[in-house]
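Okay, protein19.cif is below, mmCIF, C-alpha atoms:
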data_target
#
loop_
_atom_site.group_PDB
_atom_site.id
_atom_site.type_symbol
_atom_site.label_atom_id
_atom_site.label_comp_id
_atom_site.auth_asym_id
_atom_site.auth_seq_id
_atom_site.Cartn_x
_atom_site.Cartn_y
_atom_site.Cartn_z
ATOM 1 C CA MET A 246 -24.071 0.235 -2.790
ATOM 2 C CA LYS A 247 -21.637 1.767 -5.289
ATOM 3 C CA THR A 248 -18.001 2.262 -4.258
ATOM 4 C CA LYS A 249 -16.125 5.103 -5.954
ATOM 5 C CA VAL A 250 -12.455 5.055 -6.923
ATOM 6 C CA SER A 251 -11.017 8.302 -8.261
ATOM 7 C CA LEU A 252 -8.246 8.703 -10.822
ATOM 8 C CA VAL A 253 -6.578 12.109 -10.968
ATOM 9 C CA ARG A 254 -3.644 13.207 -13.088
ATOM 10 C CA SER A 255 -0.896 14.828 -10.993
ATOM 11 C CA GLN A 256 2.518 15.829 -12.262
ATOM 12 C CA TYR A 257 5.599 14.170 -10.791
ATOM 13 C CA ASP A 258 7.231 17.510 -9.986
ATOM 14 C CA GLY A 259 4.751 17.738 -7.124
ATOM 15 C CA THR A 260 3.821 21.382 -7.698
ATOM 16 C CA ASP A 261 0.071 20.688 -7.578
ATOM 17 C CA VAL A 262 -0.040 17.529 -5.478
ATOM 18 C CA LYS A 263 -2.063 19.198 -2.692
ATOM 19 C CA ARG A 264 -4.635 20.483 -5.156
ATOM 20 C CA ASP A 265 -4.778 17.131 -6.956
ATOM 21 C CA LEU A 266 -5.150 15.157 -3.728
ATOM 22 C CA SER A 267 -8.028 17.426 -2.709
ATOM 23 C CA GLN A 268 -9.660 16.743 -6.071
ATOM 24 C CA ALA A 269 -9.195 12.966 -5.677
ATOM 25 C CA LEU A 270 -10.896 13.061 -2.268
ATOM 26 C CA ASN A 271 -13.696 15.344 -3.463
ATOM 27 C CA LEU A 272 -14.468 12.987 -6.348
ATOM 28 C CA ILE A 273 -15.182 10.137 -3.936
ATOM 29 C CA GLY A 274 -16.956 12.442 -1.491
ATOM 30 C CA PHE A 275 -14.598 11.647 1.346
ATOM 31 C CA GLU A 276 -14.715 13.560 4.601
ATOM 32 C CA PRO A 277 -14.608 12.211 8.151
ATOM 33 C CA LYS A 278 -18.144 11.847 9.482
ATOM 34 C CA PHE A 279 -16.927 11.492 13.057
ATOM 35 C CA THR A 280 -14.688 13.276 15.543
ATOM 36 C CA VAL A 281 -11.016 12.688 14.736
ATOM 37 C CA LYS A 282 -8.340 13.086 17.390
ATOM 38 C CA THR A 283 -5.847 10.399 16.307
ATOM 39 C CA VAL A 284 -4.684 9.539 12.789
ATOM 40 C CA ALA A 285 -2.457 6.722 11.488
ATOM 41 C CA ILE A 286 -0.990 6.981 7.985
ATOM 42 C CA LYS A 287 0.457 3.648 6.767
ATOM 43 C CA VAL A 288 3.018 4.220 4.032
ATOM 44 C CA ASN A 289 4.810 1.654 1.869
ATOM 45 C CA LEU A 290 8.550 1.680 2.600
ATOM 46 C CA CYS A 291 9.399 -1.876 1.617
ATOM 47 C CA TYR A 292 13.133 -1.184 1.341
ATOM 48 C CA TYR A 293 15.656 1.647 1.152
ATOM 49 C CA TRP A 294 14.718 2.809 -2.363
ATOM 50 C CA ASN A 295 13.798 6.414 -3.038
ATOM 51 C CA ALA A 296 10.244 7.169 -4.232
ATOM 52 C CA SER A 297 11.632 7.986 -7.688
ATOM 53 C CA THR A 298 12.241 4.251 -8.217
ATOM 54 C CA GLY A 299 8.524 3.454 -7.899
ATOM 55 C CA HIS A 300 9.069 1.214 -4.858
ATOM 56 C CA THR A 301 8.174 3.523 -1.959
ATOM 57 C CA THR A 302 5.551 6.097 -1.003
ATOM 58 C CA ASP A 303 6.467 9.649 -1.969
ATOM 59 C CA PRO A 304 6.698 11.845 1.169
ATOM 60 C CA ARG A 305 5.207 14.757 -0.786
ATOM 61 C CA ILE A 306 1.903 12.881 -0.952
ATOM 62 C CA VAL A 307 2.046 12.199 2.774
ATOM 63 C CA GLU A 308 2.742 15.878 3.443
ATOM 64 C CA ALA A 309 -0.295 16.829 1.364
ATOM 65 C CA LEU A 310 -2.368 14.297 3.320
ATOM 66 C CA ILE A 311 -1.238 15.754 6.635
ATOM 67 C CA ASP A 312 -2.350 19.209 5.522
ATOM 68 C CA GLN A 313 -5.648 17.819 4.259
ATOM 69 C CA VAL A 314 -6.305 16.033 7.559
ATOM 70 C CA ARG A 315 -5.531 19.127 9.621
ATOM 71 C CA ASN A 316 -7.770 21.272 7.443
ATOM 72 C CA ALA A 317 -10.625 18.809 7.911
ATOM 73 C CA CYS A 318 -10.076 17.699 11.510
ATOM 74 C CA GLY A 319 -8.282 20.572 13.243
ATOM 75 C CA SER A 320 -4.689 21.556 13.848
ATOM 76 C CA ASP A 321 -4.452 19.684 17.157
ATOM 77 C CA VAL A 322 -5.100 16.231 15.696
ATOM 78 C CA GLU A 323 -2.399 13.659 16.594
ATOM 79 C CA ILE A 324 -0.873 12.159 13.429
ATOM 80 C CA LYS A 325 1.439 9.162 13.174
ATOM 81 C CA ILE A 326 3.244 8.000 10.025
ATOM 82 C CA ALA A 327 3.533 4.236 10.367
ATOM 83 C CA GLU A 328 5.505 1.363 8.870
ATOM 84 C CA ALA A 329 6.592 -2.047 10.165
ATOM 85 C CA ASP A 330 10.006 -3.676 10.075
ATOM 86 C CA ALA A 331 10.590 -6.293 7.377
ATOM 87 C CA SER A 332 13.154 -9.013 6.770
ATOM 88 C CA ALA A 333 15.372 -6.685 4.768
ATOM 89 C CA MET A 334 14.304 -3.292 6.114
ATOM 90 C CA GLN A 335 14.281 -1.575 9.502
ATOM 91 C CA THR A 336 12.182 1.526 9.984
ATOM 92 C CA LYS A 337 14.831 3.214 12.144
ATOM 93 C CA TYR A 338 17.009 3.392 9.034
ATOM 94 C CA VAL A 339 14.392 3.791 6.301
ATOM 95 C CA PHE A 340 12.602 6.775 7.889
ATOM 96 C CA PRO A 341 15.670 9.077 7.776
ATOM 97 C CA MET A 342 16.951 7.694 4.468
ATOM 98 C CA LEU A 343 13.697 8.335 2.587
ATOM 99 C CA GLY A 344 12.927 11.756 4.015
ATOM 100 C CA TYR A 345 10.322 10.842 6.619
ATOM 101 C CA THR A 346 12.322 11.992 9.642
ATOM 102 C CA LYS A 347 12.681 15.387 7.996
ATOM 103 C CA LEU A 348 8.972 15.416 7.097
ATOM 104 C CA ALA A 349 7.929 14.484 10.640
ATOM 105 C CA LYS A 350 9.972 17.354 12.076
ATOM 106 C CA LYS A 351 8.635 19.817 9.508
ATOM 107 C CA LYS A 352 4.970 18.890 10.007
ATOM 108 C CA LYS A 353 5.238 18.105 13.744
ATOM 109 C CA VAL A 354 3.977 14.534 13.472
ATOM 110 C CA THR A 355 5.215 11.243 14.965
ATOM 111 C CA LEU A 356 6.961 8.322 13.276
ATOM 112 C CA LEU A 357 5.771 4.903 14.439
ATOM 113 C CA ASN A 358 7.467 1.538 14.008
ATOM 114 C CA LEU A 359 4.479 -0.806 13.952
ATOM 115 C CA SER A 360 6.686 -3.712 14.994
ATOM 116 C CA GLU A 361 7.337 -1.916 18.303
ATOM 117 C CA ASP A 362 3.722 -0.918 18.903
ATOM 118 C CA GLU A 363 1.455 -2.618 21.421
ATOM 119 C CA ILE A 364 0.421 -5.835 19.714
ATOM 120 C CA GLU A 365 -2.860 -7.720 19.645
ATOM 121 C CA GLU A 366 -2.941 -11.304 18.387
ATOM 122 C CA LYS A 367 -5.879 -11.866 16.048
ATOM 123 C CA GLU A 368 -7.073 -15.072 14.405
ATOM 124 C CA VAL A 369 -9.303 -15.100 11.326
ATOM 125 C CA MET A 370 -10.711 -17.801 9.088
ATOM 126 C CA VAL A 371 -10.140 -17.568 5.348
ATOM 127 C CA GLY A 372 -12.167 -20.361 3.855
ATOM 128 C CA LYS A 373 -11.374 -23.248 6.164
ATOM 129 C CA THR A 374 -7.899 -21.972 7.012
ATOM 130 C CA PRO A 375 -7.262 -20.277 10.389
ATOM 131 C CA ILE A 376 -4.543 -17.597 10.242
ATOM 132 C CA VAL A 377 -3.020 -15.783 13.218
ATOM 133 C CA PHE A 378 -1.626 -12.264 12.900
ATOM 134 C CA LYS A 379 0.238 -9.942 15.246
ATOM 135 C CA VAL A 380 -1.617 -6.662 14.707
ATOM 136 C CA PRO A 381 -0.417 -3.219 15.883
ATOM 137 C CA ARG A 382 -2.987 -1.752 18.246
ATOM 138 C CA THR A 383 -2.582 1.774 16.853
ATOM 139 C CA LEU A 384 -4.136 0.684 13.563
ATOM 140 C CA LEU A 385 -7.096 -0.801 15.409
ATOM 141 C CA THR A 386 -7.745 2.196 17.637
ATOM 142 C CA SER A 387 -6.925 5.305 15.570
ATOM 143 C CA ASP A 388 -9.936 7.472 14.788
ATOM 144 C CA LEU A 389 -8.765 7.826 11.191
ATOM 145 C CA PHE A 390 -6.652 5.171 9.465
ATOM 146 C CA ILE A 391 -5.238 6.098 6.040
ATOM 147 C CA ASN A 392 -3.533 3.551 3.788
ATOM 148 C CA VAL A 393 -1.008 5.014 1.295
ATOM 149 C CA PRO A 394 0.280 2.236 -0.987
ATOM 150 C CA LYS A 395 2.270 2.293 -4.204
ATOM 151 C CA LEU A 396 1.065 1.195 -7.630
ATOM 152 C CA LYS A 397 3.389 -1.623 -8.647
ATOM 153 C CA VAL A 398 3.675 -5.203 -9.817
ATOM 154 C CA MET A 399 4.759 -8.120 -7.666
ATOM 155 C CA HIS A 400 5.687 -11.509 -9.094
ATOM 156 C CA ALA A 401 3.944 -13.544 -6.405
ATOM 157 C CA THR A 402 0.597 -11.730 -6.610
ATOM 158 C CA HIS A 403 0.769 -9.885 -9.985
ATOM 159 C CA ILE A 404 -0.121 -6.574 -8.321
ATOM 160 C CA THR A 405 0.591 -4.902 -5.003
ATOM 161 C CA CYS A 406 -1.475 -1.932 -3.949
ATOM 162 C CA ALA A 407 -4.009 -1.207 -1.186
ATOM 163 C CA MET A 408 -4.767 -4.713 0.117
ATOM 164 C CA LYS A 409 -1.143 -5.842 -0.055
ATOM 165 C CA ASN A 410 0.045 -2.726 1.776
ATOM 166 C CA LEU A 411 -2.099 -3.810 4.729
ATOM 167 C CA PHE A 412 -0.211 -7.118 4.707
ATOM 168 C CA GLY A 413 2.841 -4.945 5.386
ATOM 169 C CA CYS A 414 1.200 -3.823 8.660
ATOM 170 C CA ILE A 415 1.789 -7.214 10.273
ATOM 171 C CA ALA A 416 4.066 -6.578 13.236
ATOM 172 C CA HIS A 417 6.176 -9.722 12.731
ATOM 173 C CA PRO A 418 9.169 -8.666 10.571
ATOM 174 C CA ARG A 419 9.636 -12.023 8.806
ATOM 175 C CA LYS A 420 6.380 -11.969 6.891
ATOM 176 C CA VAL A 421 7.847 -14.499 4.488
ATOM 177 C CA LYS A 422 6.338 -17.179 6.739
ATOM 178 C CA TYR A 423 2.948 -16.276 5.235
ATOM 179 C CA HIS A 424 4.115 -16.670 1.634
ATOM 180 C CA PRO A 425 2.986 -20.318 1.234
ATOM 181 C CA LEU A 426 -0.571 -18.991 1.723
ATOM 182 C CA LEU A 427 -0.009 -15.416 0.578
ATOM 183 C CA ALA A 428 -3.384 -14.765 -1.070
ATOM 184 C CA LYS A 429 -5.190 -16.029 2.033
ATOM 185 C CA ALA A 430 -2.931 -13.975 4.294
ATOM 186 C CA ILE A 431 -3.637 -10.800 2.308
ATOM 187 C CA VAL A 432 -7.375 -11.410 2.539
ATOM 188 C CA GLY A 433 -7.075 -12.375 6.204
ATOM 189 C CA ILE A 434 -5.345 -9.195 7.321
ATOM 190 C CA ASN A 435 -7.899 -7.182 5.312
ATOM 191 C CA LYS A 436 -10.616 -8.806 7.387
ATOM 192 C CA ILE A 437 -8.991 -7.295 10.477
ATOM 193 C CA LEU A 438 -7.622 -3.926 9.365
ATOM 194 C CA LYS A 439 -10.146 -1.504 7.908
ATOM 195 C CA PRO A 440 -8.664 1.778 6.646
ATOM 196 C CA HIS A 441 -11.109 4.629 6.288
ATOM 197 C CA LEU A 442 -9.266 5.935 3.237
ATOM 198 C CA ASN A 443 -6.788 4.621 0.658
ATOM 199 C CA VAL A 444 -4.640 7.048 -1.360
ATOM 200 C CA VAL A 445 -2.483 5.414 -4.030
ATOM 201 C CA ASP A 446 0.842 6.941 -5.031
ATOM 202 C CA GLY A 447 1.126 6.446 -8.773
ATOM 203 C CA LEU A 448 3.291 9.483 -9.477
ATOM 204 C CA VAL A 449 5.990 6.940 -10.305
ATOM 205 C CA ALA A 450 4.555 3.467 -10.842
ATOM 206 C CA LEU A 451 6.543 0.267 -11.122
ATOM 207 C CA GLY A 452 5.915 -2.258 -13.840
ATOM 208 C CA ARG A 453 8.553 -3.836 -16.035
ATOM 209 C CA PHE A 454 10.472 -0.658 -15.179
ATOM 210 C CA PRO A 455 9.615 2.549 -13.263
ATOM 211 C CA VAL A 456 7.498 5.076 -15.156
ATOM 212 C CA LYS A 457 6.260 8.570 -14.341
ATOM 213 C CA LEU A 458 2.569 7.706 -14.546
ATOM 214 C CA ASN A 459 1.486 10.978 -12.873
ATOM 215 C CA LEU A 460 -1.469 9.315 -11.159
ATOM 216 C CA LEU A 461 -3.204 9.706 -7.811
ATOM 217 C CA MET A 462 -5.961 7.283 -6.832
ATOM 218 C CA ALA A 463 -8.339 7.443 -3.885
ATOM 219 C CA GLY A 464 -11.054 5.194 -2.506
ATOM 220 C CA GLU A 465 -12.564 4.160 0.794
ATOM 221 C CA ASP A 466 -12.546 0.425 -0.013
ATOM 222 C CA PRO A 467 -9.174 -1.359 -0.491
ATOM 223 C CA PHE A 468 -10.775 -4.072 -2.643
ATOM 224 C CA ALA A 469 -12.320 -1.507 -4.989
ATOM 225 C CA VAL A 470 -9.024 0.389 -5.245
ATOM 226 C CA ASP A 471 -7.161 -2.804 -6.148
ATOM 227 C CA TRP A 472 -9.829 -3.842 -8.657
ATOM 228 C CA VAL A 473 -9.197 -0.585 -10.524
ATOM 229 C CA ALA A 474 -5.415 -0.622 -9.941
ATOM 230 C CA ALA A 475 -5.166 -4.054 -11.577
ATOM 231 C CA GLN A 476 -6.764 -2.647 -14.730
ATOM 232 C CA VAL A 477 -4.447 0.366 -14.735
ATOM 233 C CA MET A 478 -1.510 -2.077 -14.638
ATOM 234 C CA GLY A 479 -2.895 -4.101 -17.543
ATOM 235 C CA TYR A 480 -4.276 -7.108 -15.641
ATOM 236 C CA LYS A 481 -7.740 -8.592 -15.600
ATOM 237 C CA PRO A 482 -8.810 -8.232 -11.963
ATOM 238 C CA SER A 483 -10.615 -11.558 -12.166
ATOM 239 C CA GLY A 484 -7.210 -13.160 -12.789
ATOM 240 C CA ILE A 485 -5.763 -11.890 -9.492
ATOM 241 C CA GLN A 486 -6.013 -14.680 -6.922
ATOM 242 C CA PHE A 487 -6.393 -12.575 -3.791
ATOM 243 C CA LEU A 488 -9.094 -10.402 -5.418
ATOM 244 C CA ASN A 489 -11.120 -13.485 -6.337
ATOM 245 C CA LEU A 490 -10.677 -14.800 -2.821
ATOM 246 C CA ALA A 491 -11.738 -11.424 -1.388
ATOM 247 C CA ILE A 492 -15.002 -11.689 -3.318
ATOM 248 C CA LYS A 493 -15.625 -15.186 -1.936
ATOM 249 C CA GLU A 494 -14.914 -13.892 1.568
ATOM 250 C CA LYS A 495 -17.363 -11.004 1.012
ATOM 251 C CA LEU A 496 -14.728 -8.279 1.250
ATOM 252 C CA GLY A 497 -15.840 -6.652 -1.987
ATOM 253 C CA HIS A 498 -18.155 -6.758 -4.985
ATOM 254 C CA ALA A 499 -16.717 -5.992 -8.415
ATOM 255 C CA GLU A 500 -20.077 -4.900 -9.830
ATOM 256 C CA ASN A 501 -20.246 -2.082 -7.272
ATOM 257 C CA VAL A 502 -16.933 -0.451 -8.272
ATOM 258 C CA VAL A 503 -17.310 2.899 -10.057
ATOM 259 C CA VAL A 504 -14.396 4.888 -11.532
ATOM 260 C CA VAL A 505 -14.621 8.695 -11.350
ATOM 261 C CA GLY A 506 -12.286 11.320 -12.746
ATOM 262 C CA GLU A 507 -9.869 10.250 -15.490
ATOM 263 C CA GLU A 508 -10.265 7.131 -17.627
ATOM 264 C CA ILE A 509 -8.394 3.916 -16.796
ATOM 265 C CA ALA A 510 -7.253 3.610 -20.419
ATOM 266 C CA ASP A 511 -5.456 6.967 -20.261
ATOM 267 C CA PHE A 512 -3.020 5.511 -17.725
ATOM 268 C CA ARG A 513 -2.999 1.883 -18.816
ATOM 269 C CA LYS A 514 -1.498 2.804 -22.197
ATOM 270 C CA ASP A 515 1.546 4.271 -20.412
ATOM 271 C CA PHE A 516 2.028 1.514 -17.823
ATOM 272 C CA PRO A 517 4.981 -0.800 -18.664
ATOM 273 C CA THR A 518 3.078 -4.083 -18.422
ATOM 274 C CA GLU A 519 5.144 -7.111 -17.530
ATOM 275 C CA ASN A 520 5.012 -10.401 -19.444
ATOM 276 C CA THR A 521 4.059 -12.811 -16.655
ATOM 277 C CA LEU A 522 5.679 -15.947 -18.089
ATOM 278 C CA VAL A 523 8.970 -14.209 -18.889
ATOM 279 C CA ALA A 524 8.966 -12.411 -15.522
ATOM 280 C CA ARG A 525 8.445 -15.624 -13.587
ATOM 281 C CA ALA A 526 11.230 -17.409 -15.483
ATOM 282 C CA LYS A 527 13.606 -14.529 -14.794
ATOM 283 C CA MET A 528 12.568 -14.429 -11.149
ATOM 284 C CA ARG A 529 13.151 -18.167 -10.656
ATOM 285 C CA LEU A 530 16.685 -17.738 -11.981
ATOM 286 C CA GLN A 531 17.300 -14.643 -9.848
ATOM 287 C CA LEU A 532 15.935 -16.305 -6.721
ATOM 288 C CA SER A 533 18.155 -19.351 -7.123
ATOM 289 C CA LEU A 534 21.214 -17.115 -7.486
ATOM 290 C CA LEU A 535 20.191 -14.876 -4.575
ATOM 291 C CA ARG A 536 19.537 -17.812 -2.259
ATOM 292 C CA ALA A 537 22.930 -19.254 -3.118
ATOM 293 C CA TYR A 538 24.570 -15.876 -2.480
ATOM 294 C CA SER A 539 22.778 -15.448 0.865
ATOM 295 C CA LYS A 540 23.696 -18.978 1.972
ATOM 296 C CA VAL A 541 27.368 -18.585 1.122
ATOM 297 C CA SER A 542 27.860 -14.996 2.306
ATOM 298 C CA GLY A 543 25.463 -14.865 5.246
ATOM 299 C CA ASP A 544 24.418 -11.458 3.940
ATOM 300 C CA ILE A 545 20.932 -10.024 4.500
ATOM 301 C CA ILE A 546 18.246 -11.540 2.289
ATOM 302 C CA PRO A 547 17.290 -9.070 -0.447
ATOM 303 C CA PRO A 548 13.702 -7.836 -0.659
ATOM 304 C CA SER A 549 13.082 -9.751 -3.889
ATOM 305 C CA LEU A 550 13.199 -12.857 -1.674
ATOM 306 C CA GLN A 551 11.347 -11.332 1.260
ATOM 307 C CA ASP A 552 8.629 -9.137 -0.203
ATOM 308 C CA THR A 553 6.626 -7.092 2.294
#
Show me, as structure tokens, the structure contained in the file I just sent.
Amino acid sequence: MKTKVSLVRSQYDGTDVKRDLSQALNLIGFEPKFTVKTVAIKVNLCYYWNASTGHTTDPRIVEALIDQVRNACGSDVEIKIAEADASAMQTKYVFPMLGYTKLAKKKKVTLLNLSEDEIEEKEVMVGKTPIVFKVPRTLLTSDLFINVPKLKVMHATHITCAMKNLFGCIAHPRKVKYHPLLAKAIVGINKILKPHLNVVDGLVALGRFPVKLNLLMAGEDPFAVDWVAAQVMGYKPSGIQFLNLAIKEKLGHAENVVVVGEEIADFRKDFPTENTLVARAKMRLQLSLLRAYSKVSGDIIPPSLQDT
């Protein structure tokens, strides 16, 4: 069965983001085929950086999603914007700093710290490795679960997009404990959490530096979205460890992925691709300096050490 991923050009000024989001969803034929009373929207707020830096989900996209959901499901639907605490980020600070408290008040929705939600402990097998996760119950029980990641590179995994944003749902703040088996952990949490829709914020994407890529992506399957996102960012998807592992674990099939809307090449040419060897050498140097700083000062560990 073919899995569609849409690419739609949308200007960073946000003037047509609602129209463009509607187009992205229409291209993949998305509409809830069931009664929706509760909705969870998982954003990517990995640290206290504004969306203009390419690190965090733009609240304008979330606002457009809220309107889209209410148009499709009714005005009385209960909507929660969700994010979990991380080693170097607390949602109680990041929500007001990045405009989500203001958005929640404007649109009459709820903000949810996933780390304070009711938690279910889930164990999955990835290959022969058992992995235990603390999973927020809201994401397991919401009628409609929407994943809203960023389009950006990450040194440890090459890319971070839909599948990696679900890793950020883990309720335990110090997710760094999973880093020795990061690819397996990403695949493992994707075996548990199944968003109905993934909308990728590529208005500003993050490669070697932030760039106004003016891109919205949408797809129902996180694997398919990441398979396309990797190509937009200049990577061969087959070279991404967690995507290969996802195929082995039957989470996705590359041959079934179909791109609709704009062409991948139209965005790839503008993405500031990172030289992997140079980036890793620079990161090793930065990490050694940051660890030394943290050890001496006792200051909070920066997000480059504790990616979420």
Long-range neighbours of region 266-269 of chain A as a JSON list (two decimals) with C-alpha atoms, keeping the file's coordinate frame, 7 Å cut-off, only C-alpha atoms, 3 positions minimum in chain:
[["chain", "number", "residue", "atom", "x", "y", "z"],
["A", 251, "SER", "CA", -11.02, 8.30, -8.26],
["A", 252, "LEU", "CA", -8.25, 8.70, -10.82],
["A", 253, "VAL", "CA", -6.58, 12.11, -10.97],
["A", 262, "VAL", "CA", -0.04, 17.53, -5.48],
["A", 263, "LYS", "CA", -2.06, 19.20, -2.69],
["A", 272, "LEU", "CA", -14.47, 12.99, -6.35],
["A", 273, "ILE", "CA", -15.18, 10.14, -3.94],
["A", 462, "MET", "CA", -5.96, 7.28, -6.83],
["A", 463, "ALA", "CA", -8.34, 7.44, -3.88]]
Q.
(-3.5, 3.2, 17.1) in this file's frame - what residues fall within 9 Å of it? Use only C-alpha atoms and give the answer as a PyMOL selection string.
A. chain A and resi 283-285+325+362-363+381-388+390
Atoms kept (C-alpha atoms) for selection, written as a PDB file, in the frame of the given file:
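Full text of again17.pdb as output:
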ATOM      1  CA  THR A 283      -5.847  10.399  16.307  1.00  0.00           C
ATOM      2  CA  VAL A 284      -4.684   9.539  12.789  1.00  0.00           C
ATOM      3  CA  ALA A 285      -2.457   6.722  11.488  1.00  0.00           C
ATOM      4  CA  LYS A 325       1.439   9.162  13.174  1.00  0.00           C
ATOM      5  CA  ASP A 362       3.722  -0.918  18.903  1.00  0.00           C
ATOM      6  CA  GLU A 363       1.455  -2.618  21.421  1.00  0.00           C
ATOM      7  CA  PRO A 381      -0.417  -3.219  15.883  1.00  0.00           C
ATOM      8  CA  ARG A 382      -2.987  -1.752  18.246  1.00  0.00           C
ATOM      9  CA  THR A 383      -2.582   1.774  16.853  1.00  0.00           C
ATOM     10  CA  LEU A 384      -4.136   0.684  13.563  1.00  0.00           C
ATOM     11  CA  LEU A 385      -7.096  -0.801  15.409  1.00  0.00           C
ATOM     12  CA  THR A 386      -7.745   2.196  17.637  1.00  0.00           C
ATOM     13  CA  SER A 387      -6.925   5.305  15.570  1.00  0.00           C
ATOM     14  CA  ASP A 388      -9.936   7.472  14.788  1.00  0.00           C
ATOM     15  CA  PHE A 390      -6.652   5.171   9.465  1.00  0.00           C
TER      16      PHE A 390
END
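The residue set within 9 Å of Pro375 (chain A), counting only C-alpha atoms and dropping same-chain residues fewer than 6 places from it, reads Glu368, Val369 and Gly433 of chain A.
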(Q) Report, in Å with one decimal, the straight-line distance from CA of Lys409 (chain A) to CA of Lys282 (chain A). (A) 26.7 Å
Q) What is the distance, in Å and to one decimal place, between CA of Thr302 (chain A) and CA of Val371 (chain A)? A) 29.1 Å
Against region 416-426 of chain A, which residues of region 254-351 of chain A fall within 8 Å? For each one I want the closest pair of atoms and the distance in Å (one decimal), counting all atoms listed in the file, rows by chain and increasing residue number, as JSON lines.
{"residue": "A:Ala329", "atom": "CA", "partner": "A:Ala416", "partner_atom": "CA", "distance": 6.0}
{"residue": "A:Asp330", "atom": "CA", "partner": "A:Pro418", "partner_atom": "CA", "distance": 5.1}
{"residue": "A:Ala331", "atom": "CA", "partner": "A:Pro418", "partner_atom": "CA", "distance": 4.2}
{"residue": "A:Ser332", "atom": "CA", "partner": "A:Arg419", "partner_atom": "CA", "distance": 5.1}
Distance query Val504 (chain A) at most 9 Å, all atoms listed in the file, self and fewer than 2 positions along chain excluded, as a PDB file with C-alpha atoms, in the coordinates of the input:
ATOM      1  CA  THR A 248     -18.001   2.262  -4.258  1.00  0.00           C
ATOM      2  CA  LYS A 249     -16.125   5.103  -5.954  1.00  0.00           C
ATOM      3  CA  VAL A 250     -12.455   5.055  -6.923  1.00  0.00           C
ATOM      4  CA  SER A 251     -11.017   8.302  -8.261  1.00  0.00           C
ATOM      5  CA  LEU A 252      -8.246   8.703 -10.822  1.00  0.00           C
ATOM      6  CA  VAL A 473      -9.197  -0.585 -10.524  1.00  0.00           C
ATOM      7  CA  VAL A 502     -16.933  -0.451  -8.272  1.00  0.00           C
ATOM      8  CA  GLY A 506     -12.286  11.320 -12.746  1.00  0.00           C
ATOM      9  CA  GLU A 507      -9.869  10.250 -15.490  1.00  0.00           C
ATOM     10  CA  GLU A 508     -10.265   7.131 -17.627  1.00  0.00           C
ATOM     11  CA  ILE A 509      -8.394   3.916 -16.796  1.00  0.00           C
TER      12      ILE A 509
END
(Q) To test your reading of the syntax: which residues would the PyMOL selection byres ((chain A and resi 496) around 12) return for the file shown? Reply as number ranges by chain. (A) A: 371, 408, 431-439, 466-469, 471-472, 487-495, 497-499, 501
Q | Picked residues, the PyMOL selection byres ((chain A and resi 479) around 10), expected as a VMD selection string | A | chain A and resid 404 452 474 to 478 480 to 482 509 to 510 512 to 519
Q | Among the residues A:Pro277, A:Gly484, A:Gly464, A:Gly299, the one that comes closest to Lys247 (chain A) [using all atoms listed in the file] | A |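 So, comparing all the options, the nearest one is A:Gly464.
Listed by chain and then by number, the residues chosen by the PyMOL selection byres ((chain A and resi 395) around 7) in this file are Asn289, His300, Thr301, Thr302, Val393, Pro394, Leu396, Lys397, Cys406, Val445, Asp446 and Gly447 of chain A.
If all atoms listed in the file are the atoms counted, then among A:Asn271, A:Thr374, A:Gln335, A:Gln256 the closest residue to Leu357 (chain A) is A:Gln335.
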Q) What is the distance between CA of Leu458 (chain A) and CA of Leu343 (chain A), in Å to one decimal? A)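 Computed distance, CA of Leu458 (chain A) to CA of Leu343 (chain A), equals 20.4 Å.
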Q. Using only C-alpha atoms, which residues sit within 7 Å of Val380 (chain A) once same-chain residues fewer than 2 positions away are excluded, as a PyMOL selection string?
A. chain A and resi 364-367+378+382+415-416
Please report, as lines of an AutoDock Vina configuration file, the centre and edge lengths in Å to one decimal of an axis-aligned box covering all listed atoms of region 484-501 of chain A with 5 Å per side.
center_x = -13.0
center_y = -8.6
center_z = -5.6
size_x = 24.5
size_y = 23.1
size_z = 24.4
Just want the 12 Å neighbourhood of Lys337 (chain A), counted on only C-alpha atoms, with same-chain residues fewer than 6 positions away dropped. Output as an mmCIF file with C-alpha atoms, in the frame of the given file.
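Output saved as part-v2.cif:
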data_model
loop_
_atom_site.group_PDB
_atom_site.id
_atom_site.type_symbol
_atom_site.label_atom_id
_atom_site.label_comp_id
_atom_site.auth_asym_id
_atom_site.auth_seq_id
_atom_site.Cartn_x
_atom_site.Cartn_y
_atom_site.Cartn_z
ATOM 1 C CA LEU A 290 8.550 1.680 2.600
ATOM 2 C CA TYR A 292 13.133 -1.184 1.341
ATOM 3 C CA TYR A 293 15.656 1.647 1.152
ATOM 4 C CA ALA A 327 3.533 4.236 10.367
ATOM 5 C CA GLU A 328 5.505 1.363 8.870
ATOM 6 C CA ALA A 329 6.592 -2.047 10.165
ATOM 7 C CA ASP A 330 10.006 -3.676 10.075
ATOM 8 C CA ALA A 331 10.590 -6.293 7.377
ATOM 9 C CA LEU A 343 13.697 8.335 2.587
ATOM 10 C CA GLY A 344 12.927 11.756 4.015
ATOM 11 C CA TYR A 345 10.322 10.842 6.619
ATOM 12 C CA THR A 346 12.322 11.992 9.642
ATOM 13 C CA LEU A 356 6.961 8.322 13.276
ATOM 14 C CA LEU A 357 5.771 4.903 14.439
ATOM 15 C CA ASN A 358 7.467 1.538 14.008
ATOM 16 C CA LEU A 359 4.479 -0.806 13.952
ATOM 17 C CA SER A 360 6.686 -3.712 14.994
ATOM 18 C CA GLU A 361 7.337 -1.916 18.303
#
**Q.** Nearest residue to Asn410 (chain A) from the set A:Lys373, A:Arg315, A:Lys287, A:Arg254 (distances using all atoms listed in the file)
**A.**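 Going through A:Lys373, A:Arg315, A:Lys287, A:Arg254 one by one, the smallest distance to Asn410 (chain A) is for A:Lys287.
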